[in-house]
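The next block is model-v8.cif, given as mmCIF, C-alpha atoms.
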```
data_start
#
loop_
_atom_site.label_atom_id
_atom_site.label_comp_id
_atom_site.auth_asym_id
_atom_site.auth_seq_id
_atom_site.Cartn_x
_atom_site.Cartn_y
_atom_site.Cartn_z
CA GLU A 23 0.00 0.00 0.00
CA ASP A 24 1.32 3.41 -0.99
CA GLN A 25 2.02 5.77 1.89
CA VAL A 26 2.76 9.48 1.99
CA THR A 27 3.79 11.45 5.07
CA GLN A 28 4.20 15.21 5.04
CA SER A 29 5.99 17.35 7.60
CA PRO A 30 5.60 19.65 9.32
CA GLU A 31 1.82 19.71 9.69
CA ALA A 32 1.92 23.48 9.96
CA LEU A 33 4.61 26.09 9.33
CA ARG A 34 4.63 29.79 10.06
CA LEU A 35 7.18 31.98 8.28
CA GLN A 36 7.91 35.65 8.11
CA GLU A 37 7.83 37.20 4.67
CA GLY A 38 11.20 36.58 3.05
CA GLU A 39 12.11 33.68 5.37
CA SER A 40 12.96 30.70 3.16
CA SER A 41 12.15 27.15 4.23
CA SER A 42 11.35 23.64 2.99
CA LEU A 43 8.42 21.27 3.24
CA ASN A 44 9.01 17.52 3.33
CA CYS A 45 7.13 14.65 1.71
CA SER A 46 8.27 11.11 2.55
CA TYR A 47 6.82 8.26 0.55
CA THR A 48 6.71 4.48 0.41
CA VAL A 49 5.57 2.94 -2.86
CA SER A 50 6.11 -0.10 -5.02
CA GLY A 51 7.74 1.59 -7.97
CA LEU A 52 7.20 5.33 -8.25
CA ARG A 53 5.52 6.52 -11.42
CA GLY A 54 5.17 10.14 -10.35
CA LEU A 55 5.21 12.46 -7.36
CA PHE A 56 2.86 15.42 -7.45
CA TRP A 57 2.72 18.69 -5.54
CA TYR A 58 -0.52 20.62 -5.19
CA ARG A 59 -1.48 23.86 -3.51
CA GLN A 60 -4.89 24.20 -1.86
CA ASP A 61 -6.45 27.48 -0.76
CA PRO A 62 -9.37 27.53 1.71
CA GLY A 63 -12.67 26.65 0.06
CA LYS A 64 -11.02 25.59 -3.20
CA GLY A 65 -9.84 22.42 -4.84
CA PRO A 66 -6.17 21.47 -5.01
CA GLU A 67 -4.25 23.28 -7.73
CA PHE A 68 -1.55 21.36 -9.57
CA LEU A 69 2.02 22.66 -9.17
CA PHE A 70 4.56 20.03 -10.25
CA THR A 71 5.11 16.42 -11.26
CA LEU A 72 8.46 14.72 -10.62
CA TYR A 73 9.17 11.35 -12.17
CA SER A 74 12.66 10.25 -11.15
CA ALA A 75 15.22 10.78 -8.40
CA GLY A 76 17.39 13.81 -8.99
CA GLU A 77 14.73 15.67 -10.92
CA GLU A 78 13.98 19.29 -9.99
CA LYS A 79 11.25 21.71 -11.10
CA GLU A 80 10.77 25.38 -10.39
CA LYS A 81 7.91 27.82 -10.52
CA GLU A 82 8.37 31.38 -9.25
CA ARG A 83 9.45 31.05 -5.58
CA LEU A 84 8.87 27.29 -5.43
CA LYS A 85 11.31 24.51 -6.25
CA ALA A 86 10.52 20.81 -5.93
CA THR A 87 13.18 18.13 -5.67
CA LEU A 88 12.96 14.35 -5.54
CA THR A 89 15.05 11.54 -4.05
CA LYS A 90 14.26 7.84 -3.86
CA LYS A 91 12.49 8.26 -0.52
CA GLU A 92 11.32 11.85 -0.28
CA SER A 93 10.57 15.10 -1.97
CA PHE A 94 11.14 18.65 -0.79
CA LEU A 95 9.27 21.78 -1.70
CA HIS A 96 11.62 24.69 -1.19
CA ILE A 97 10.07 28.11 -0.79
CA THR A 98 12.46 30.99 -1.38
CA ALA A 99 11.67 34.44 0.03
CA PRO A 100 7.97 33.64 0.52
CA LYS A 101 5.23 36.24 0.33
CA PRO A 102 1.89 36.29 2.18
CA GLU A 103 0.14 35.10 -0.99
CA ASP A 104 2.09 31.84 -0.73
CA SER A 105 0.01 30.99 2.35
CA ALA A 106 -1.91 27.79 1.60
CA THR A 107 -1.93 24.07 2.30
CA TYR A 108 0.59 22.19 0.20
CA LEU A 109 -0.27 18.61 -0.66
CA CYS A 110 2.01 15.86 -1.90
CA ALA A 111 0.71 12.80 -3.77
CA VAL A 112 2.21 9.72 -5.40
CA GLN A 113 1.30 7.46 -8.28
CA SER A 114 2.86 4.00 -8.22
CA GLU A 115 3.19 1.00 -10.52
CA THR A 116 0.44 -0.77 -8.58
CA SER A 117 -1.96 2.15 -8.21
CA GLY A 118 -3.04 2.64 -11.80
CA SER A 119 -4.14 6.26 -12.17
CA ARG A 120 -4.88 6.58 -8.47
CA LEU A 121 -3.04 9.28 -6.52
CA THR A 122 -2.41 8.74 -2.81
CA PHE A 123 -2.25 12.04 -0.95
CA GLY A 124 -0.46 13.09 2.19
CA GLU A 125 -2.18 15.09 4.91
CA GLY A 126 -0.64 18.34 3.76
CA THR A 127 1.43 21.14 5.28
CA GLN A 128 -0.43 24.31 6.17
CA LEU A 129 1.86 27.23 5.41
CA THR A 130 1.26 30.71 6.79
CA VAL A 131 3.48 33.59 5.67
CA ASN A 132 3.18 36.69 7.81
CA PRO A 133 3.91 40.14 6.36
CA ASP B 1 -8.68 28.58 -18.54
CA ALA B 2 -10.24 25.12 -18.79
CA ARG B 3 -11.84 24.07 -15.55
CA VAL B 4 -13.70 21.25 -13.86
CA THR B 5 -17.20 22.37 -12.89
CA GLN B 6 -18.99 20.89 -9.90
CA THR B 7 -22.56 21.44 -8.77
CA PRO B 8 -23.90 22.19 -6.28
CA ARG B 9 -21.19 24.05 -4.37
CA HIS B 10 -22.98 23.52 -1.07
CA LYS B 11 -25.63 21.02 -0.01
CA VAL B 12 -27.35 20.62 3.34
CA THR B 13 -29.64 17.64 3.63
CA GLU B 14 -31.34 15.53 6.23
CA MET B 15 -30.17 12.06 7.13
CA GLY B 16 -31.77 9.46 4.90
CA GLN B 17 -32.22 11.75 1.90
CA GLU B 18 -30.69 11.11 -1.51
CA VAL B 19 -27.85 13.40 -2.61
CA THR B 20 -26.58 13.76 -6.17
CA MET B 21 -23.41 15.64 -7.01
CA ARG B 22 -22.45 16.49 -10.58
CA CYS B 23 -19.18 17.14 -12.35
CA GLN B 24 -18.32 18.42 -15.81
CA PRO B 25 -14.73 17.36 -16.57
CA ILE B 26 -12.42 19.26 -18.88
CA LEU B 27 -13.13 18.50 -22.52
CA GLY B 28 -10.61 15.98 -23.84
CA HIS B 29 -9.63 14.56 -20.48
CA ASN B 30 -10.04 10.78 -20.41
CA THR B 31 -9.76 10.12 -16.67
CA VAL B 32 -12.23 11.34 -14.05
CA PHE B 33 -11.97 10.95 -10.29
CA TRP B 34 -14.15 11.44 -7.24
CA TYR B 35 -12.29 12.31 -4.02
CA ARG B 36 -13.62 13.06 -0.55
CA GLN B 37 -11.81 15.39 1.84
CA THR B 38 -12.30 15.55 5.61
CA MET B 39 -10.17 16.97 8.39
CA MET B 40 -9.63 13.52 9.85
CA GLN B 41 -8.88 11.50 6.69
CA GLY B 42 -7.57 14.07 4.25
CA LEU B 43 -8.16 13.35 0.56
CA GLU B 44 -9.49 9.85 -0.14
CA LEU B 45 -10.19 8.39 -3.55
CA LEU B 46 -13.74 7.12 -3.91
CA ALA B 47 -13.84 6.07 -7.58
CA TYR B 48 -12.41 6.79 -10.98
CA PHE B 49 -13.24 6.32 -14.64
CA ARG B 50 -11.19 6.00 -17.81
CA ASN B 51 -12.96 6.78 -21.07
CA ARG B 52 -16.23 6.66 -19.08
CA ALA B 53 -15.65 3.09 -17.87
CA PRO B 54 -15.37 2.58 -14.09
CA LEU B 55 -11.88 1.34 -13.20
CA ASP B 56 -11.84 1.47 -9.42
CA ASP B 57 -14.58 2.12 -6.89
CA SER B 58 -12.96 0.32 -3.97
CA GLY B 59 -12.97 3.51 -1.88
CA MET B 60 -16.75 3.83 -1.93
CA PRO B 61 -19.21 2.33 0.56
CA LYS B 62 -21.08 0.42 -2.10
CA ASP B 63 -24.26 -0.06 -0.17
CA ARG B 64 -25.00 3.67 -0.32
CA PHE B 65 -22.68 5.31 -2.86
CA SER B 66 -22.78 5.03 -6.63
CA ALA B 67 -20.77 6.78 -9.33
CA GLU B 68 -21.56 6.97 -13.04
CA MET B 69 -20.50 8.71 -16.24
CA PRO B 70 -23.55 8.79 -18.49
CA ASP B 71 -21.55 10.70 -21.09
CA ALA B 72 -18.13 12.29 -21.54
CA THR B 73 -19.32 15.64 -20.22
CA LEU B 74 -20.98 14.47 -17.01
CA ALA B 75 -19.95 12.43 -13.99
CA THR B 76 -22.30 11.89 -11.05
CA LEU B 77 -21.84 10.75 -7.48
CA LYS B 78 -24.95 9.67 -5.63
CA ILE B 79 -25.46 8.89 -1.96
CA GLN B 80 -28.65 7.10 -0.93
CA PRO B 81 -29.44 7.14 1.94
CA SER B 82 -27.15 9.86 3.27
CA GLU B 83 -25.74 9.73 6.80
CA PRO B 84 -24.10 12.39 9.01
CA ARG B 85 -20.71 10.67 8.59
CA ASP B 86 -20.91 11.47 4.86
CA SER B 87 -20.45 15.16 5.66
CA ALA B 88 -17.32 16.23 3.78
CA VAL B 89 -16.12 18.11 0.72
CA TYR B 90 -16.41 16.01 -2.42
CA PHE B 91 -14.04 16.83 -5.25
CA CYS B 92 -14.13 15.82 -8.86
CA ALA B 93 -10.88 15.86 -10.81
CA SER B 94 -10.03 15.13 -14.41
CA GLY B 95 -6.84 14.46 -16.31
CA LEU B 96 -5.31 13.02 -19.42
CA ARG B 97 -3.46 9.78 -19.09
CA SER B 98 -1.39 8.39 -21.93
CA GLY B 99 0.60 5.23 -21.38
CA THR B 100 1.60 4.94 -17.76
CA GLN B 101 2.10 8.62 -17.05
CA ILE B 102 -0.35 11.23 -15.93
CA ASN B 103 0.21 14.26 -18.06
CA TYR B 104 0.38 17.55 -16.22
CA GLY B 105 -1.30 16.28 -13.05
CA TYR B 106 -5.03 16.35 -12.50
CA THR B 107 -7.31 19.39 -12.44
CA PHE B 108 -9.65 19.56 -9.48
CA GLY B 109 -13.01 21.26 -9.30
CA SER B 110 -13.97 23.58 -6.46
CA GLY B 111 -15.84 20.82 -4.65
CA THR B 112 -19.28 20.21 -3.19
CA ARG B 113 -19.47 20.83 0.54
CA LEU B 114 -22.01 18.33 1.87
CA THR B 115 -23.55 18.59 5.31
CA VAL B 116 -25.89 15.82 6.46
CA VAL B 117 -27.88 16.69 9.57
#
```
Encoded form using C-alpha cells:
Amino acid sequence: EDQVTQSPEALRLQEGESSSLNCSYTVSGLRGLFWYRQDPGKGPEFLFTLYSAGEEKEKERLKATLTKKESFLHITAPKPEDSATYLCAVQSETSGSRLTFGEGTQLTVNP
Amino acid sequence: DARVTQTPRHKVTEMGQEVTMRCQPILGHNTVFWYRQTMMQGLELLAYFRNRAPLDDSGMPKDRFSAEMPDATLATLKIQPSEPRDSAVYFCASGLRSGTQINYGYTFGSGTRLTVV
C-alpha cells in the first residue's frame, strides 16, 4: 500500500524567510510524485510532477526536488500570498491512475 | 482557462435523503476521479473512470454510494441514503493519461461541501 507522510503539519514563516516542506513516501515503484497547492474553500491546484530521483522543477518562488524516498518543496523568500496548504501525492506502478495524498502542510506567511 | 465544474457548491440535507453531485470534466480529459476530503482522513479516492468506464470504486461504501459517467461531459456521485458521517467536501478531478504517465497532473473542481444533519 502506498504511503505518503508530510511534515511539518503546519509552518509559520515571516515574509522573506525561506524554508522547505518535506514529503516522505513508500511505494512499489514510483511513477510520479505530485505537488498541489490548496487554498481555503477551493480544490487542489496542480504545481509540479516529478518522475525520477534527482529531478527538480521550479515555478516562481517554489522549487521541488525528488530523491528515492522523499521530496522537498523549497520556498524561497515567501510572500503572504504563498500561504496555503501544500499537498504531496504519489502514483505507483500498482496504483493505476490513483493518486495517494499526504495530509498536507499548512503554510502561513506573515507580512 | 479550462476548468472542472462541480454542482452544487454547497448542499445541506437531512439524514436518509438522496444526494446527487455532478461534475463536468475538462473537454478531452479521459480520466475522471471522485475524491472526498475531511479533516480527519484528508483526501481519499472514492472512484475513478477511464474513457467513461469505471476502473476502481474500492474507496466507496457500495451499499449507499454510486458513481456513473452517463456521457463524456458528465460524472455523477450519488449517496442514498445519506448519513451524518458522509459530511465532507467532495471533489471531482479530471486528467489526461497516456501510457503509464499522468500528463500535467489532475485538475480539481472547487468541490461540493455536503452537510448531512
(request) Kindly resolve the PyMOL selection byres ((chain B and resi 29) around 8) on the present coordinates and return the residues as a VMD selection string. (result) chain B and resid 25 to 28 30 to 32 94 to 97
I need the chosen residues saved as a PDB file, keeping the file's coordinate frame, with C-alpha atoms.
```
ATOM      1  CA  PRO B  25     -14.730  17.360 -16.570  1.00  0.00           C
ATOM      2  CA  ILE B  26     -12.420  19.260 -18.880  1.00  0.00           C
ATOM      3  CA  LEU B  27     -13.130  18.500 -22.520  1.00  0.00           C
ATOM      4  CA  GLY B  28     -10.610  15.980 -23.840  1.00  0.00           C
ATOM      5  CA  ASN B  30     -10.040  10.780 -20.410  1.00  0.00           C
ATOM      6  CA  THR B  31      -9.760  10.120 -16.670  1.00  0.00           C
ATOM      7  CA  VAL B  32     -12.230  11.340 -14.050  1.00  0.00           C
ATOM      8  CA  SER B  94     -10.030  15.130 -14.410  1.00  0.00           C
ATOM      9  CA  GLY B  95      -6.840  14.460 -16.310  1.00  0.00           C
ATOM     10  CA  LEU B  96      -5.310  13.020 -19.420  1.00  0.00           C
ATOM     11  CA  ARG B  97      -3.460   9.780 -19.090  1.00  0.00           C
TER      12      ARG B  97
END
```
(message) Given the point (-14.0, 1.1, 4.1) in the coordinates of this file, which residues lie within 12 Å, counting all atoms listed in the file, and how would they look as JSON, numbers by chain?
(response) {"B": [41, 44, 45, 46, 57, 58, 59, 60, 61, 62, 63, 65]}
Output C-alpha atoms for every residue in the selection just made, as a compact mmCIF listing (two decimals), in the coordinates of the input.
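part.txt, freshly written:
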```txt
# COMPACT_ATOMS: atom_id res chain seq x y z
CA GLN B 41 -8.88 11.50 6.69
CA GLU B 44 -9.49 9.85 -0.14
CA LEU B 45 -10.19 8.39 -3.55
CA LEU B 46 -13.74 7.12 -3.91
CA ASP B 57 -14.58 2.12 -6.89
CA SER B 58 -12.96 0.32 -3.97
CA GLY B 59 -12.97 3.51 -1.88
CA MET B 60 -16.75 3.83 -1.93
CA PRO B 61 -19.21 2.33 0.56
CA LYS B 62 -21.08 0.42 -2.10
CA ASP B 63 -24.26 -0.06 -0.17
CA PHE B 65 -22.68 5.31 -2.86
```
(request) Using all atoms listed in the file, determine which residues of chain B fall within 6 Å of chain A; present them as a PyMOL selection string. (result) chain B and resi 42+108-110
(request) Counting all atoms listed in the file, figure out which residue out of B:Arg52, B:Lys78, B:Lys11, B:Arg3 gets nearest to Val117 in chain B. (result)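 Under the stated criterion, the closest residue is B:Lys11.
Residues surrounding Gln28 in chain A within 12 Å are Ala32, Leu33, Ser42, Leu43, Asn44, Cys45, Ser46, Tyr47, Thr48, Trp57, Glu92, Ser93, Phe94, Leu95, Thr107, Tyr108, Leu109, Cys110, Ala111, Val112, Phe123, Gly124, Glu125, Gly126, Thr127 and Gln128 of chain A; Gly42 of chain B [all atoms listed in the file; sequence separation below 4 positions excluded].
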